[in-house]
>>> print(open('my_file_18.tsv').read())   # TSV, C-alpha atoms
chain	number	residue	atom	x	y	z
A	1	MET	CA	-79.80	-2.03	-9.77
A	2	ARG	CA	-77.72	-2.58	-6.71
A	3	PHE	CA	-75.95	-5.40	-8.53
A	4	VAL	CA	-75.17	-3.11	-11.45
A	5	LEU	CA	-73.73	-0.48	-9.14
A	6	ARG	CA	-71.58	-3.05	-7.40
A	7	ALA	CA	-70.32	-4.45	-10.66
A	8	GLY	CA	-69.58	-0.94	-11.86
A	9	LEU	CA	-67.64	-0.12	-8.68
A	10	ALA	CA	-65.68	-3.37	-8.94
A	11	ALA	CA	-64.81	-2.60	-12.55
A	12	LEU	CA	-63.70	0.89	-11.59
A	13	ILE	CA	-61.43	-0.42	-8.81
A	14	ALA	CA	-60.02	-3.11	-11.09
A	15	GLY	CA	-59.39	-0.47	-13.72
A	16	LEU	CA	-57.57	1.77	-11.26
A	17	LEU	CA	-55.47	-1.11	-9.97
A	18	GLY	CA	-54.71	-2.16	-13.54
A	19	ALA	CA	-53.62	1.34	-14.44
A	20	CYS	CA	-51.34	1.40	-11.42
A	21	ALA	CA	-49.79	-1.94	-12.31
A	22	GLN	CA	-49.30	-1.09	-15.97
A	23	GLU	CA	-47.68	2.30	-15.48
A	24	PRO	CA	-44.96	2.29	-12.84
A	25	PRO	CA	-43.88	5.83	-12.01
A	26	LYS	CA	-41.27	6.92	-14.57
A	27	PRO	CA	-37.99	8.24	-13.16
A	28	PRO	CA	-38.01	12.00	-13.47
A	29	PRO	CA	-36.02	13.18	-16.49
A	30	GLY	CA	-32.45	14.03	-15.53
A	31	PRO	CA	-30.58	17.17	-16.41
A	32	PRO	CA	-28.81	17.23	-19.78
A	33	GLU	CA	-25.11	16.35	-19.57
A	34	LEU	CA	-22.03	16.94	-21.70
A	35	VAL	CA	-18.61	15.26	-21.48
A	36	VAL	CA	-15.70	16.48	-23.66
A	37	VAL	CA	-12.15	15.15	-23.95
A	38	VAL	CA	-9.52	17.76	-24.83
A	39	PRO	CA	-5.79	17.58	-25.60
A	40	ASP	CA	-3.48	18.10	-22.62
A	41	ARG	CA	-0.62	20.65	-22.53
A	42	ASP	CA	1.56	18.34	-24.63
A	43	GLY	CA	-1.18	17.77	-27.21
A	44	LYS	CA	-1.85	14.25	-25.96
A	45	VAL	CA	-5.46	13.06	-25.82
A	46	GLY	CA	-6.54	10.61	-23.14
A	47	THR	CA	-9.56	8.33	-22.95
A	48	VAL	CA	-12.83	8.65	-21.06
A	49	VAL	CA	-15.28	5.74	-21.21
A	50	VAL	CA	-18.86	6.99	-20.81
A	51	THR	CA	-21.34	4.39	-19.55
A	52	GLY	CA	-25.01	5.21	-19.05
A	53	ALA	CA	-28.18	3.21	-18.46
A	54	GLN	CA	-29.04	3.69	-22.15
A	55	GLY	CA	-25.74	2.94	-23.86
A	56	GLY	CA	-22.35	4.58	-23.83
A	57	THR	CA	-19.38	5.69	-25.86
A	58	THR	CA	-15.60	5.94	-25.68
A	59	LEU	CA	-14.09	9.39	-26.08
A	60	ASN	CA	-10.47	9.34	-27.26
A	61	GLN	CA	-10.22	12.05	-29.93
A	62	ALA	CA	-9.60	15.74	-29.34
A	63	TYR	CA	-12.94	17.45	-28.69
A	64	SER	CA	-14.92	14.23	-29.00
A	65	ALA	CA	-17.96	14.54	-26.75
A	66	ALA	CA	-20.91	12.68	-25.34
A	67	ARG	CA	-24.22	14.40	-24.87
A	68	VAL	CA	-26.69	12.79	-22.47
A	69	ASP	CA	-30.31	13.85	-22.99
A	70	PRO	CA	-32.94	13.96	-20.20
A	71	SER	CA	-33.98	10.36	-20.97
A	72	ALA	CA	-30.35	9.31	-20.28
A	73	LYS	CA	-29.64	8.44	-23.93
A	74	VAL	CA	-25.92	8.89	-24.73
A	75	GLU	CA	-25.15	10.51	-28.09
A	76	ALA	CA	-21.58	10.75	-29.42
A	77	ARG	CA	-20.68	13.97	-31.20
A	78	SER	CA	-17.89	16.47	-31.30
A	79	VAL	CA	-17.77	20.04	-30.14
A	80	SER	CA	-15.58	22.98	-31.11
A	81	GLU	CA	-12.77	24.35	-29.01
A	82	ALA	CA	-14.67	27.66	-28.90
A	83	GLU	CA	-17.76	25.95	-27.46
A	84	VAL	CA	-15.66	24.25	-24.75
A	85	LYS	CA	-14.12	27.60	-23.83
A	86	ARG	CA	-17.55	29.20	-23.65
A	87	VAL	CA	-19.41	26.48	-21.72
A	88	PHE	CA	-16.57	25.81	-19.26
A	89	SER	CA	-15.14	29.33	-18.90
A	90	GLY	CA	-15.75	29.40	-15.11
A	91	ALA	CA	-14.09	26.03	-14.49
A	92	ILE	CA	-11.18	26.89	-16.79
A	93	ALA	CA	-10.56	30.17	-14.97
A	94	ALA	CA	-10.41	28.27	-11.66
A	95	GLN	CA	-7.86	25.65	-12.78
A	96	PRO	CA	-4.97	25.53	-10.30
A	97	LEU	CA	-1.45	26.31	-11.49
A	98	ARG	CA	0.09	23.08	-12.80
A	99	PRO	CA	2.55	21.40	-10.47
A	100	VAL	CA	6.17	22.09	-11.45
A	101	SER	CA	9.05	19.66	-10.89
A	102	PHE	CA	12.73	20.22	-10.19
A	103	LEU	CA	15.38	17.51	-10.20
A	104	LEU	CA	18.34	17.23	-7.85
A	105	TYR	CA	21.00	14.60	-8.64
A	106	PHE	CA	23.11	12.53	-6.26
A	107	GLN	CA	26.50	10.90	-6.16
A	108	GLU	CA	26.40	7.10	-6.39
A	109	GLY	CA	25.12	5.30	-3.28
A	110	THR	CA	24.98	8.52	-1.27
A	111	ASP	CA	22.64	11.34	-0.32
A	112	GLU	CA	25.24	13.94	-1.44
A	113	TYR	CA	24.23	16.31	-4.28
A	114	THR	CA	26.07	16.69	-7.51
A	115	PRO	CA	27.36	20.28	-7.86
A	116	GLU	CA	24.81	21.25	-10.57
A	117	SER	CA	21.90	20.46	-8.32
A	118	LYS	CA	22.33	23.47	-6.06
A	119	GLN	CA	20.82	25.79	-8.70
A	120	ALA	CA	17.67	23.68	-9.05
A	121	PHE	CA	17.30	23.96	-5.29
A	122	GLU	CA	17.14	27.77	-5.59
A	123	GLY	CA	14.57	27.47	-8.40
A	124	VAL	CA	12.18	25.79	-6.01
A	125	PHE	CA	12.01	28.91	-3.84
A	126	ALA	CA	11.12	31.10	-6.80
A	127	GLU	CA	8.31	28.70	-7.73
A	128	ILE	CA	6.96	28.70	-4.17
A	129	ALA	CA	6.84	32.48	-4.21
A	130	ARG	CA	4.66	32.45	-7.38
A	131	ARG	CA	1.93	30.47	-5.63
A	132	LYS	CA	-0.71	31.50	-3.12
A	133	ALA	CA	-0.91	28.10	-1.39
A	134	ALA	CA	2.20	26.13	-2.33
A	135	GLU	CA	3.09	22.70	-0.97
A	136	ILE	CA	6.12	20.66	-1.92
A	137	ALA	CA	6.35	16.91	-2.38
A	138	VAL	CA	9.92	15.57	-2.23
A	139	ILE	CA	10.20	12.27	-4.10
A	140	GLY	CA	13.41	10.22	-4.01
A	141	HIS	CA	14.55	7.87	-6.83
A	142	THR	CA	17.50	5.53	-7.33
A	143	ASP	CA	19.24	3.62	-10.12
A	144	ARG	CA	19.02	-0.19	-10.18
A	145	VAL	CA	22.21	-0.98	-8.25
A	146	GLY	CA	21.11	-2.97	-5.18
A	147	THR	CA	17.87	-4.67	-4.21
A	148	VAL	CA	14.40	-3.13	-4.48
A	149	GLU	CA	14.27	-2.86	-0.67
A	150	TYR	CA	17.70	-1.22	-0.49
A	151	ASN	CA	16.65	1.29	-3.13
A	152	ASP	CA	13.31	2.03	-1.43
A	153	ALA	CA	15.29	2.91	1.70
A	154	LEU	CA	17.97	4.87	-0.22
A	155	SER	CA	15.37	6.87	-2.17
A	156	LEU	CA	13.62	7.82	1.05
A	157	LYS	CA	16.96	8.74	2.65
A	158	ARG	CA	17.70	11.06	-0.29
A	159	ALA	CA	14.26	12.65	-0.01
A	160	GLU	CA	14.67	13.12	3.75
A	161	ARG	CA	18.04	14.77	3.11
A	162	VAL	CA	16.37	17.27	0.76
A	163	ARG	CA	13.60	17.94	3.26
A	164	LYS	CA	16.22	18.71	5.90
A	165	ASP	CA	17.83	21.23	3.58
A	166	PHE	CA	14.49	22.97	3.11
A	167	ILE	CA	13.98	23.07	6.86
A	168	ASP	CA	17.46	24.54	7.26
A	169	ARG	CA	16.34	27.26	4.85
A	170	GLY	CA	13.40	28.19	7.05
A	171	ILE	CA	10.58	26.05	5.72
A	172	PRO	CA	8.68	24.21	8.49
A	173	ASN	CA	9.15	20.45	8.71
A	174	SER	CA	5.41	19.95	8.34
A	175	ALA	CA	5.27	21.92	5.07
A	176	VAL	CA	6.92	19.22	3.01
A	177	SER	CA	5.73	15.70	2.15
A	178	VAL	CA	8.34	13.01	1.53
A	179	ALA	CA	8.14	9.84	-0.58
A	180	GLY	CA	10.62	7.23	-1.80
A	181	ARG	CA	9.88	5.63	-5.18
A	182	GLY	CA	13.01	3.45	-5.17
A	183	GLU	CA	13.97	2.19	-8.64
A	184	ARG	CA	10.35	2.14	-9.98
A	185	GLU	CA	10.49	5.29	-12.08
A	186	PRO	CA	13.80	5.54	-13.94
A	187	ILE	CA	14.39	8.43	-16.37
A	188	ILE	CA	16.72	6.13	-18.31
A	189	ALA	CA	15.61	2.47	-18.49
A	190	THR	CA	18.50	0.09	-17.65
A	191	PRO	CA	18.97	-3.60	-16.86
A	192	ASP	CA	19.24	-4.46	-13.17
A	193	GLU	CA	22.48	-3.59	-11.32
A	194	VAL	CA	23.49	-0.88	-13.81
A	195	SER	CA	24.84	2.34	-12.34
A	196	GLU	CA	23.02	5.28	-13.97
A	197	PRO	CA	23.64	8.78	-12.57
A	198	ARG	CA	20.56	10.28	-14.29
A	199	ASN	CA	18.31	7.96	-12.26
A	200	ARG	CA	19.88	8.89	-8.90
A	201	ARG	CA	17.72	11.90	-8.28
A	202	VAL	CA	15.18	13.61	-6.08
A	203	GLU	CA	12.17	15.24	-7.68
A	204	ILE	CA	10.77	18.29	-5.96
A	205	ASN	CA	7.19	18.76	-6.98
A	206	VAL	CA	5.84	22.22	-6.17
A	207	ARG	CA	2.06	22.38	-6.35
B	208	MET	CA	6.74	0.57	1.93
B	209	SER	CA	4.71	3.54	2.90
B	210	ALA	CA	6.43	6.85	2.74
B	211	SER	CA	6.26	9.16	5.67
B	212	ARG	CA	3.80	11.88	4.99
B	213	THR	CA	3.57	15.11	6.82
B	214	ARG	CA	2.13	17.97	4.94
B	215	ASN	CA	1.22	21.48	5.56
B	216	SER	CA	0.54	24.51	3.53
B	217	LEU	CA	3.57	26.48	2.57
B	218	PHE	CA	1.08	29.31	2.56
B	219	SER	CA	2.24	30.32	6.00
B	220	VAL	CA	5.87	30.47	4.90
B	221	VAL	CA	5.20	32.37	1.73
B	222	VAL	CA	2.81	34.84	3.26
B	223	LEU	CA	4.82	35.44	6.41
B	224	SER	CA	6.89	37.76	4.28
B	225	ALA	CA	3.77	39.12	2.58
B	226	GLY	CA	2.14	39.72	5.97
B	227	LEU	CA	-1.12	37.87	5.31
B	228	LEU	CA	-3.03	35.26	7.27
B	229	SER	CA	-1.86	31.67	7.06
B	230	ALA	CA	-3.82	28.49	6.31
B	231	GLY	CA	-3.95	25.75	8.89
B	232	PRO	CA	-1.76	22.66	8.95
B	233	ALA	CA	-2.69	19.54	6.99
B	234	LEU	CA	-3.83	16.39	8.76
B	235	ALA	CA	-3.51	12.76	7.69
B	236	ASP	CA	-7.06	12.74	6.29
B	237	ASP	CA	-6.40	15.63	3.94
B	238	ILE	CA	-6.45	14.57	0.28
B	239	GLY	CA	-6.20	17.83	-1.60
B	240	GLN	CA	-5.96	21.55	-1.22
B	241	ILE	CA	-7.98	24.44	-2.59
B	242	LYS	CA	-5.62	26.48	-4.76
B	243	VAL	CA	-8.17	28.81	-6.35
B	244	ALA	CA	-11.40	30.11	-4.80
B	245	ASN	CA	-13.69	32.79	-6.17
B	246	GLY	CA	-17.06	33.93	-4.78
B	247	THR	CA	-18.98	31.51	-2.60
B	248	VAL	CA	-17.31	28.13	-1.99
B	249	ILE	CA	-18.72	25.84	0.70
B	250	ILE	CA	-17.43	22.47	1.82
B	251	GLU	CA	-19.98	20.16	3.43
B	252	ARG	CA	-18.23	17.77	5.80
B	253	GLY	CA	-20.88	15.61	7.49
B	254	ALA	CA	-23.06	18.05	9.38
B	255	GLN	CA	-20.35	20.71	9.24
B	256	ARG	CA	-20.13	23.49	6.68
B	257	VAL	CA	-16.69	24.93	6.09
B	258	LEU	CA	-15.92	27.98	4.01
B	259	GLY	CA	-13.64	27.00	1.13
B	260	ALA	CA	-10.71	29.41	0.75
B	261	VAL	CA	-7.28	29.24	-0.86
B	262	GLY	CA	-5.23	26.91	1.34
B	263	THR	CA	-8.22	24.96	2.74
B	264	TRP	CA	-7.68	21.18	2.71
B	265	VAL	CA	-10.39	18.81	1.50
B	266	ARG	CA	-11.09	15.25	2.64
B	267	GLN	CA	-12.76	12.09	1.44
B	268	SER	CA	-16.59	12.39	1.56
B	269	ASP	CA	-16.52	16.19	1.39
B	270	ILE	CA	-19.09	17.84	-0.86
B	271	VAL	CA	-17.81	21.00	-2.49
B	272	ARG	CA	-20.40	23.56	-3.61
B	273	THR	CA	-19.96	26.79	-5.49
B	274	GLY	CA	-22.47	29.63	-5.52
B	275	ILE	CA	-23.85	31.46	-8.53
B	276	ASP	CA	-20.75	33.71	-8.35
B	277	GLY	CA	-18.40	30.91	-7.26
B	278	SER	CA	-15.63	28.76	-8.68
B	279	VAL	CA	-13.00	26.55	-7.08
B	280	GLY	CA	-9.78	24.75	-8.07
B	281	ILE	CA	-8.39	21.79	-6.11
B	282	THR	CA	-5.05	19.99	-6.46
B	283	PHE	CA	-5.07	16.50	-4.92
B	284	ILE	CA	-1.97	14.93	-3.36
B	285	ASP	CA	-1.51	12.69	-6.44
B	286	ASN	CA	-1.50	15.87	-8.62
B	287	THR	CA	-5.00	15.31	-10.00
B	288	MET	CA	-6.53	18.73	-10.57
B	289	MET	CA	-10.25	19.47	-10.55
B	290	SER	CA	-11.91	22.82	-10.91
B	291	ALA	CA	-15.59	23.70	-10.88
B	292	GLY	CA	-17.47	26.69	-12.27
B	293	PRO	CA	-20.52	28.47	-10.80
B	294	ASN	CA	-23.48	26.55	-9.29
B	295	SER	CA	-21.55	23.31	-9.08
B	296	VAL	CA	-21.82	20.40	-6.67
B	297	LEU	CA	-18.83	18.05	-6.52
B	298	SER	CA	-18.72	15.10	-4.16
B	299	LEU	CA	-15.31	13.61	-3.24
B	300	ASP	CA	-16.60	10.08	-2.68
B	301	ARG	CA	-13.42	8.07	-2.32
B	302	PHE	CA	-9.68	8.77	-2.31
B	303	SER	CA	-6.62	6.68	-1.51
B	304	PHE	CA	-3.04	7.07	-2.72
B	305	ASN	CA	0.22	5.25	-1.98
B	306	SER	CA	3.05	7.67	-2.72
B	307	THR	CA	5.60	4.85	-3.16
B	308	THR	CA	3.68	2.64	-5.63
B	309	HIS	CA	1.21	5.26	-6.94
B	310	GLU	CA	-1.61	2.80	-6.44
B	311	GLY	CA	-4.86	4.34	-5.30
B	312	ARG	CA	-8.43	5.19	-6.07
B	313	LEU	CA	-10.25	8.42	-6.87
B	314	ASP	CA	-14.04	8.41	-7.23
B	315	THR	CA	-15.96	11.64	-7.45
B	316	SER	CA	-19.48	12.67	-8.47
B	317	VAL	CA	-20.63	15.84	-10.12
B	318	ARG	CA	-24.29	16.50	-9.39
B	319	ASN	CA	-24.60	19.87	-11.04
B	320	GLY	CA	-22.55	22.51	-12.79
B	321	THR	CA	-19.29	22.40	-14.74
B	322	LEU	CA	-16.12	20.50	-13.95
B	323	SER	CA	-12.63	20.51	-15.45
B	324	VAL	CA	-10.42	17.48	-14.74
B	325	ILE	CA	-6.71	16.92	-15.33
B	326	SER	CA	-5.89	13.44	-14.10
B	327	GLY	CA	-2.84	12.72	-11.98
B	328	LYS	CA	-0.70	9.84	-10.75
B	329	ILE	CA	-3.57	7.56	-9.68
B	330	ALA	CA	-5.09	7.37	-13.18
B	331	LYS	CA	-1.63	7.07	-14.74
B	332	GLN	CA	-0.70	4.08	-12.59
B	333	SER	CA	-3.96	2.10	-12.99
B	334	PRO	CA	-6.40	2.62	-15.88
B	335	ASP	CA	-9.49	1.73	-13.82
B	336	ALA	CA	-8.63	3.61	-10.64
B	337	MET	CA	-10.48	6.85	-11.38
B	338	THR	CA	-14.16	7.52	-12.01
B	339	VAL	CA	-16.42	10.53	-12.19
B	340	LYS	CA	-20.12	9.87	-11.70
B	341	THR	CA	-22.85	12.07	-13.11
B	342	PRO	CA	-26.60	11.68	-12.49
B	343	ALA	CA	-26.96	9.59	-15.67
B	344	THR	CA	-23.53	8.07	-16.36
B	345	ILE	CA	-20.27	6.85	-14.92
B	346	LEU	CA	-17.05	8.03	-16.57
B	347	GLY	CA	-14.03	5.73	-16.54
B	348	VAL	CA	-10.95	7.95	-16.70
B	349	ARG	CA	-7.81	6.71	-18.47
B	350	GLY	CA	-6.21	10.16	-18.46
B	351	THR	CA	-5.97	12.95	-18.99
B	352	GLU	CA	-7.89	16.21	-19.63
B	353	PHE	CA	-11.67	16.49	-19.94
B	354	PHE	CA	-14.74	18.52	-19.00
B	355	VAL	CA	-18.15	17.58	-17.62
B	356	GLN	CA	-21.33	19.65	-17.59
B	357	VAL	CA	-24.45	18.62	-15.69
B	358	GLY	CA	-27.57	20.73	-16.14
B	359	ALA	CA	-28.33	23.48	-18.58
B	360	ALA	CA	-25.93	26.37	-19.05
B	361	GLN	CA	-26.34	29.12	-16.48
>>> encode(input="my_file_18.tsv", output="structure tokens")
Amino acid sequence: MRFVLRAGLAALIAGLLGACAQEPPKPPPGPPELVVVVPDRDGKVGTVVVTGAQGGTTLNQAYSAARVDPSAKVEARSVSEAEVKRVFSGAIAAQPLRPVSFLLYFQEGTDEYTPESKQAFEGVFAEIARRKAAEIAVIGHTDRVGTVEYNDALSLKRAERVRKDFIDRGIPNSAVSVAGRGEREPIIATPDEVSEPRNRRVEINVR
Amino acid sequence: MSASRTRNSLFSVVVLSAGLLSAGPALADDIGQIKVANGTVIIERGAQRVLGAVGTWVRQSDIVRTGIDGSVGITFIDNTMMSAGPNSVLSLDRFSFNSTTHEGRLDTSVRNGTLSVISGKIAKQSPDAMTVKTPATILGVRGTEFFVQVGAAQ
């Protein structure tokens, strides 16, 4: 009798241990998820690569979407524009105003404006006034005359010149960020050492 | 070369004439600025909790939360824009940006709620430089505009 009880207890413990070993705790089911790619302002559609523990998908068509169910399975589908507007109405309403850029042009090898650039300068102030929390990034560019290092320095000098003009107009020094992009971002692609007035510019990005 | 970078909110300039309060100056750690804030917006910065208002700067490692009535829109210094609807939790895990070369890194996580993303200069420069994590997936962002929802609709 005692032996039977012992054997029974041993079997029970073994059974419990076995059950524990066979069934590791499952991760709790996650919340459902949805990812949707939409066209940008210019109608261009980018790419978002969705990778989950249970597969993935690449979204590169307008309104292509990935739905992730609570077991983390990724399902490709598409959604309507109306559904996006409904589901994401709060986020859409909170989108910041898009940054706006103005271009000022320079005379060759100098930080002196071309005459047409004065008007763009005034446009910046109107854009600042539209915004509740505006900042401006002043970004200098050059053409490809001179070395990369020379143009990095020249582009920064042009940007600093523009910042000074903003300060002279009453905007605090600390309100403006300055960057020099050198010859890295031409508007017009040219071979090296070609003088190109359209590339000698400062971009003022109001955001 | 690294461009000199001193930033501040023009808020103070603009609103001086409007006679409102001004936002504080930006510091070197600031990576983006709140441009839109509705309802409850809280920024968790370590043990600190900061009220998120228009003009407030955000930093790497901040967690941005919106209440049931809340929404928030942030423009980062590389022009990436993110906005979140009600009941959202957005973690700004990692940010770096070189304004001369446009090289950098932007990793965020959305734990709950709805998020709208318009990628900026970081994603444009390097196709693998921007990710958004969700509880179940990681999103590799190669530009440009997309939405993420985590959790059932409110």
>>> axis_aligned_box(input="my_file_18.tsv", around="range 329-344 of chain B", padding_each_side="4 Å", output="lines of an AutoDock Vina configuration file")
center_x = -13.8
center_y = 6.9
center_z = -13.0
size_x = 34.3
size_y = 18.3
size_z = 14.7
>>> interface_residues(input="my_file_18.tsv", of="chain A", to="chain B", cutoff="6 Å", atoms="only C-alpha atoms", output="PyMOL selection string")
chain A and resi 31-38+40+46-52+72+90-91+94-96+133-135+174-181
>>> closest_residue(input="my_file_18.tsv", among="B:Met337, B:Ile270, B:Ala330, B:Ala235", to="Val317 in chain B", atoms="all atoms listed in the file")
B:Ile270
>>> atom_distance(input="my_file_18.tsv", atom1="CA of His141 in chain A", atom2="CA of Asp236 in chain B")
25.7 Å
>>> closest_residue(input="my_file_18.tsv", among="B:Ser298, B:Gln332, B:Thr247, B:Gln255", to="Val271 in chain B", atoms="all atoms listed in the file")
B:Ser298
>>> residues_around(input="my_file_18.tsv", residues="Arg207 in chain A", least_positions_apart="2", cutoff="7 Å", atoms="only C-alpha atoms", output="list in words")
Arg98, Pro99, Val100, Ala134, Glu135, Ile136 and Asn205 of chain A
>>> write_last_selection(input="my_file_18.tsv", atoms="C-alpha atoms", output="compact mmCIF listing (two decimals), keeping the file's coordinate frame")
# COMPACT_ATOMS: atom_id res chain seq x y z
CA ARG A 98 0.09 23.08 -12.80
CA PRO A 99 2.55 21.40 -10.47
CA VAL A 100 6.17 22.09 -11.45
CA ALA A 134 2.20 26.13 -2.33
CA GLU A 135 3.09 22.70 -0.97
CA ILE A 136 6.12 20.66 -1.92
CA ASN A 205 7.19 18.76 -6.98
>>> atom_distance(input="my_file_18.tsv", atom1="CA of Ala336 in chain B", atom2="CA of Asp300 in chain B")
13.0 Å
>>> residues_around(input="my_file_18.tsv", residues="range 105-113 of chain A", least_positions_apart="5", cutoff="6 Å", atoms="only C-alpha atoms", output="ChimeraX atom specification")
/A:158,200-201
>>> write_last_selection(input="my_file_18.tsv", atoms="C-alpha atoms", output="tab-separated table (two decimals), in the coordinates of the input")
chain	number	residue	atom	x	y	z
A	158	ARG	CA	17.70	11.06	-0.29
A	200	ARG	CA	19.88	8.89	-8.90
A	201	ARG	CA	17.72	11.90	-8.28
>>> atom_distance(input="my_file_18.tsv", atom1="CA of Ile171 in chain A", atom2="CA of Val124 in chain A")
11.8 Å
>>> residues_near_point(input="my_file_18.tsv", point="(-21.6, 6.8, -29.2)", cutoff="8 Å", atoms="only C-alpha atoms", output="ChimeraX atom specification")
/A:55-58,66,74-77
>>> closest_residue(input="my_file_18.tsv", among="B:Asn294, B:Leu313, B:Asp237, B:Leu299", to="Asp269 in chain B", atoms="all atoms listed in the file")
B:Leu299
>>> residues_around(input="my_file_18.tsv", residues="Phe302 in chain B", least_positions_apart="6", cutoff="7 Å", atoms="only C-alpha atoms", output="count of residues only")
4
>>> residues_around(input="my_file_18.tsv", residues="Val145 in chain A", least_positions_apart="6", cutoff="7 Å", atoms="all atoms listed in the file", output="PyMOL selection string")
chain A and resi 192-195
